[in-house]
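Colleague: Shown below is the structure under consideration.
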Amino acid sequence: MILLSNGGSNIQRGKTASDTMAVGTVDGVAVLQKSARGWTVTHRALQGVFVSGVSALDDGTLFASTRGVGMARSDDGGITWRWINDGLAHHEFWSTRAGHLAGREVVFAGALPAHLYVSEDRGASWRELSTFRQAKSLPHWTFPPPPRIGHIKDIVLDGDRLWVGVEIGSLQVSDDFGQSFRELTVDPDPRECDIHRILVHPARPDRIIIANGIVGMMASDDGGASFHRLPMPADANYPDAVVLHPGEPDLVFMSAGVGWPVHWYELGRARGKIFRSRDAGKTWQRLLGGLPNGQRALFSALTIEVHEAGYSLHAADTDGQVFESRDGGDGWTVIADVPPVSKADFYKGLVRDRVKLANVDDIVASPTAAQRWQEAAKAL
């Protein structure tokens, strides 16, 4: 099954291409089925709930993180769900990741405020990895829109390593199943450490690529001892959904907006775009075949499915359009319309003819970010 959401799994593998898809939206999970006529939305579940992430175990058991209702599990491909909140002290979750860590089957959930939970019994019970909050940067964790509280945006399972990123404030790694964490200095100022995505690959053990919402794409080639900026395309500033091909460690796909959210809301459009890099982010190619040019919406989810015959890409935007590419990103087709797929309330800020909203438009940035945004506004 293909999984498409803002804060869930974005790499799937299989022998053949999947004919089912689960999309996490602001109004539940949409289940799609592919036939000779194309993709069709065949089922809607968890309606009325903002689903931030969808992830799965090897046997197809699905997990959904939600904003405000906790965690949910499905044993039948997303048709029915049940709440699995035993042991959770928080119920607003922005990310989830299921899989294996150090040989153990696990499910992780990342909350707002930024607390990290793990389950080793398929969500029947949860425990918090409290050592995650021992980072020196903790007092500075934040988020520009109200309530200005940092959250866990990405979780990556990498063999024996666990990577966790806070938006905004911290990038941490654990080598001992969360008993301890080591914080990496992406920037001396934690307010510049806006972790959207973490990309690692076993073939490049010392390389870490991150999507930083304030600075842009960044990388480390020495295991996190130091980080440097990667060049962003001339017509993109804000990387959001980014994915790495699991079989080609230098092949990266990135969605990005022009300017930052404060500019989108003023202009009424994010001008969301998708790019491809074949050299791990050193150079980028704009992908346009079938994609809109200068659209209002932002691509908030991007996923890759690799199989024996090749791979496919799927993207979803804040208008709820689902796109598919089966030729490496050269050509795209709109395959379905679902409710908006969004990080936070972007979909509200980017809807046409909208009214102003205090918890969307009232953005307060750090001084350096505010200066960067002001300079970018002159070029927009």
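We name chains A, B, ... following the order of the structure tokens; residues begin at 1 in each chain, and ligands are numbered from 1 as shown.
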Would you return as a list in words the members of stretch 19-136 of chain A that DSSP assigns to helix (DSSP H, G or I) on this structure's backbone?
Modeller: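 Helix (DSSP H, G or I) assignments inside stretch 19-136 of chain A correspond to Ser130, Thr131, Phe132, Arg133 and Gln134 of chain A.
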Colleague: Any chance you could tabulate, as JSON lines, the residues of stretch 339-362 of chain A at most 7 Å from stretch 20-38 of chain A with each one's nearest atom pair and distance in Å to one decimal, using only C-alpha atoms, in chain and rising number order?
Modeller:
{"residue": "A:Pro339", "atom": "CA", "partner": "A:Thr25", "partner_atom": "CA", "distance": 5.8}
{"residue": "A:Pro340", "atom": "CA", "partner": "A:Thr25", "partner_atom": "CA", "distance": 5.7}
{"residue": "A:Val341", "atom": "CA", "partner": "A:Thr25", "partner_atom": "CA", "distance": 4.6}
{"residue": "A:Ser342", "atom": "CA", "partner": "A:Val26", "partner_atom": "CA", "distance": 6.8}
Colleague: Write out as a list of chain:residue names the residues lying within 7 Å of A:Ser137, counting only C-alpha atoms and excluding same-chain residues fewer than 6 positions away.
Modeller: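 Returned residues: A:Gly169, A:Ser170, A:Pro190.
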Colleague: Hey, can you spit out that residue selection with C-alpha atoms as an mmCIF file, in the first residue's frame?
Modeller:
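That gives us out.cif:
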data_model
loop_
_atom_site.group_PDB
_atom_site.id
_atom_site.type_symbol
_atom_site.label_atom_id
_atom_site.label_comp_id
_atom_site.auth_asym_id
_atom_site.auth_seq_id
_atom_site.Cartn_x
_atom_site.Cartn_y
_atom_site.Cartn_z
ATOM 1 C CA GLY A 169 14.648 23.811 17.763
ATOM 2 C CA SER A 170 16.438 20.473 17.685
ATOM 3 C CA PRO A 190 18.216 26.709 17.944
#
Colleague: Would you mind listing what lies within 8 Å of A:Pro261 as a list of chain:residue names, with only C-alpha atoms counted and same-chain residues fewer than 4 positions away left out?
Modeller: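 Near A:Pro261, the qualifying residues are A:Tyr265, A:Ala270, A:Phe346.
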Colleague: Using DSSP on the backbone coordinates, identify the residues of stretch 249-317 of chain A assigned to strand (DSSP E or B); present them as a VMD selection string.
Modeller: chain A and resid 252 to 257 273 to 277 285 to 287 299 to 307 310 to 317
Colleague: Pick from A:Gly110, A:Gly70, A:Pro188, A:Pro139: nearest to A:Gly8, with only C-alpha atoms counted?
Modeller: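 The shortest atom-to-atom distance to A:Gly8 comes from A:Gly110.
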Colleague: For A:Leu298, please output as a PyMOL selection string all residues within 7 Å (counting only C-alpha atoms; exclusion window: fewer than 3 positions along the same chain).
Modeller: chain A and resi 257+270-272+317-318
Colleague: Excluding same-chain residues fewer than 4 positions from A:Phe253, what lies within 12 Å of it counting only C-alpha atoms, as a PyMOL selection string?
Modeller: chain A and resi 10-11+197+199+211+217+239-246+248-249+273-281+283-287+299+301-304+312-315+325+328-330
Colleague: Selected residues, N, CA and C atoms, written as a CSV table (one decimal), in the first residue's frame, please.
Modeller:
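Final file, part.csv:
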chain,number,residue,atom,x,y,z
A,10,ASN,N,7.2,7.9,4.1
A,10,ASN,CA,7.2,8.4,2.7
A,10,ASN,C,8.1,7.6,1.8
A,11,ILE,N,8.5,6.4,2.3
A,11,ILE,CA,9.2,5.4,1.5
A,11,ILE,C,8.6,4.0,1.6
A,197,ARG,N,12.4,17.7,7.5
A,197,ARG,CA,12.7,16.3,7.0
A,197,ARG,C,14.1,16.0,7.3
A,199,LEU,N,17.0,13.1,6.1
A,199,LEU,CA,17.3,12.1,5.1
A,199,LEU,C,18.6,11.4,5.4
A,211,ALA,N,15.9,19.1,5.6
A,211,ALA,CA,15.1,20.2,5.1
A,211,ALA,C,14.8,21.2,6.2
A,217,MET,N,17.7,23.7,2.4
A,217,MET,CA,18.3,22.4,2.5
A,217,MET,C,19.7,22.5,3.1
A,239,PRO,N,11.6,24.4,1.8
A,239,PRO,CA,11.4,23.0,1.5
A,239,PRO,C,10.5,22.4,2.6
A,240,ASP,N,9.5,21.6,2.1
A,240,ASP,CA,8.6,21.0,3.0
A,240,ASP,C,8.7,19.4,3.0
A,241,ALA,N,8.0,18.9,2.0
A,241,ALA,CA,8.1,17.4,1.8
A,241,ALA,C,9.3,17.0,1.0
A,242,VAL,N,10.2,16.2,1.5
A,242,VAL,CA,11.4,15.8,0.8
A,242,VAL,C,11.6,14.3,1.0
A,243,VAL,N,12.0,13.6,-0.1
A,243,VAL,CA,12.1,12.1,0.0
A,243,VAL,C,13.4,11.7,-0.8
A,244,LEU,N,14.0,10.6,-0.3
A,244,LEU,CA,15.2,10.1,-0.8
A,244,LEU,C,14.9,8.7,-1.4
A,245,HIS,N,15.4,8.4,-2.6
A,245,HIS,CA,15.2,7.1,-3.2
A,245,HIS,C,16.0,6.1,-2.4
A,246,PRO,N,15.4,5.0,-1.9
A,246,PRO,CA,16.1,4.1,-1.0
A,246,PRO,C,17.1,3.3,-1.7
A,248,GLU,N,18.9,4.5,-4.5
A,248,GLU,CA,19.8,5.5,-5.2
A,248,GLU,C,20.1,6.6,-4.2
A,249,PRO,N,21.1,6.5,-3.3
A,249,PRO,CA,21.2,7.5,-2.2
A,249,PRO,C,21.4,8.9,-2.6
A,273,LYS,N,6.1,23.9,-5.7
A,273,LYS,CA,6.8,23.3,-6.8
A,273,LYS,C,7.4,22.0,-6.4
A,274,ILE,N,7.8,21.2,-7.3
A,274,ILE,CA,8.6,20.0,-7.0
A,274,ILE,C,9.8,19.9,-7.8
A,275,PHE,N,10.9,19.5,-7.2
A,275,PHE,CA,12.3,19.5,-7.8
A,275,PHE,C,12.9,18.1,-7.6
A,276,ARG,N,13.9,17.9,-8.5
A,276,ARG,CA,14.6,16.6,-8.4
A,276,ARG,C,16.1,16.9,-8.4
A,277,SER,N,16.9,16.2,-7.6
A,277,SER,CA,18.3,16.3,-7.6
A,277,SER,C,18.9,14.9,-7.7
A,278,ARG,N,19.9,14.8,-8.6
A,278,ARG,CA,20.6,13.5,-8.8
A,278,ARG,C,22.0,13.5,-8.1
A,279,ASP,N,22.3,14.6,-7.4
A,279,ASP,CA,23.6,14.7,-6.7
A,279,ASP,C,23.4,15.1,-5.2
A,280,ALA,N,22.4,14.6,-4.6
A,280,ALA,CA,22.1,14.8,-3.2
A,280,ALA,C,22.0,16.2,-2.8
A,281,GLY,N,21.3,17.0,-3.7
A,281,GLY,CA,21.0,18.4,-3.3
A,281,GLY,C,22.0,19.4,-3.7
A,283,THR,N,22.6,20.2,-6.9
A,283,THR,CA,21.9,20.9,-8.0
A,283,THR,C,20.5,20.4,-8.1
A,284,TRP,N,19.6,21.2,-8.6
A,284,TRP,CA,18.2,20.9,-8.6
A,284,TRP,C,17.6,21.1,-10.0
A,285,GLN,N,16.6,20.3,-10.4
A,285,GLN,CA,15.9,20.4,-11.7
A,285,GLN,C,14.4,20.6,-11.3
A,286,ARG,N,13.8,21.6,-11.9
A,286,ARG,CA,12.4,21.9,-11.7
A,286,ARG,C,11.6,20.8,-12.5
A,287,LEU,N,10.6,20.2,-11.9
A,287,LEU,CA,9.8,19.2,-12.6
A,287,LEU,C,8.4,19.9,-12.9
A,299,PHE,N,2.5,21.8,-2.1
A,299,PHE,CA,2.6,20.3,-2.0
A,299,PHE,C,3.1,20.0,-0.6
A,301,ALA,N,2.8,16.8,0.9
A,301,ALA,CA,3.1,15.4,1.1
A,301,ALA,C,3.7,14.9,-0.2
A,302,LEU,N,4.8,14.1,0.0
A,302,LEU,CA,5.5,13.5,-1.2
A,302,LEU,C,6.0,12.1,-0.7
A,303,THR,N,5.7,11.1,-1.5
A,303,THR,CA,6.1,9.8,-1.2
A,303,THR,C,6.7,9.0,-2.4
A,304,ILE,N,7.5,8.0,-2.1
A,304,ILE,CA,8.1,7.2,-3.2
A,304,ILE,C,7.8,5.7,-2.9
A,312,SER,N,7.5,4.8,-8.3
A,312,SER,CA,6.5,5.8,-8.6
A,312,SER,C,6.6,6.9,-7.5
A,313,LEU,N,6.2,8.1,-7.9
A,313,LEU,CA,6.1,9.2,-6.9
A,313,LEU,C,4.7,9.6,-6.8
A,314,HIS,N,4.3,10.0,-5.6
A,314,HIS,CA,2.9,10.6,-5.4
A,314,HIS,C,3.1,11.8,-4.5
A,315,ALA,N,2.3,12.8,-4.8
A,315,ALA,CA,2.3,14.1,-4.1
A,315,ALA,C,0.9,14.5,-3.9
A,325,SER,N,3.5,10.3,-10.6
A,325,SER,CA,4.5,10.2,-11.6
A,325,SER,C,5.0,8.8,-11.6
A,328,GLY,N,9.8,8.8,-13.0
A,328,GLY,CA,10.9,9.5,-12.3
A,328,GLY,C,10.7,10.9,-12.1
A,329,GLY,N,9.5,11.4,-12.2
A,329,GLY,CA,9.2,12.8,-12.0
A,329,GLY,C,9.1,13.7,-13.3
A,330,ASP,N,9.3,13.1,-14.4
A,330,ASP,CA,9.3,13.9,-15.7
A,330,ASP,C,7.8,14.2,-16.0
Colleague: A:Gly159: which residues within 8 Å, counting only C-alpha atoms, same-chain residues fewer than 6 positions away excluded, as a CSV table (one decimal) with C-alpha atoms, in the first residue's frame?
Modeller:
chain,number,residue,atom,x,y,z
A,100,HIS,CA,12.0,-1.7,13.0
A,101,LEU,CA,14.6,-0.2,15.2
A,102,ALA,CA,17.6,-2.3,16.4
A,103,GLY,CA,15.7,-5.4,15.3
Colleague: Mind pulling up the distance from atom CA of A:Leu116 to atom CA of A:Thr368?
Modeller: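 Taking atom CA of A:Thr368 and atom CA of A:Leu116, their separation equals 28.3 Å.
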Colleague: Out of A:Val166, A:Val360, A:Ala236, A:Met218, which residue has the shortest atom-to-atom distance to A:Leu380 when counting only C-alpha atoms?
Modeller: A:Ala236
Colleague: My list of candidates is A:Leu350, A:Ala109, A:Ala114, A:Leu288. Which is closest to A:Phe132 when distances are computed with only C-alpha atoms?
Modeller: A:Ala114
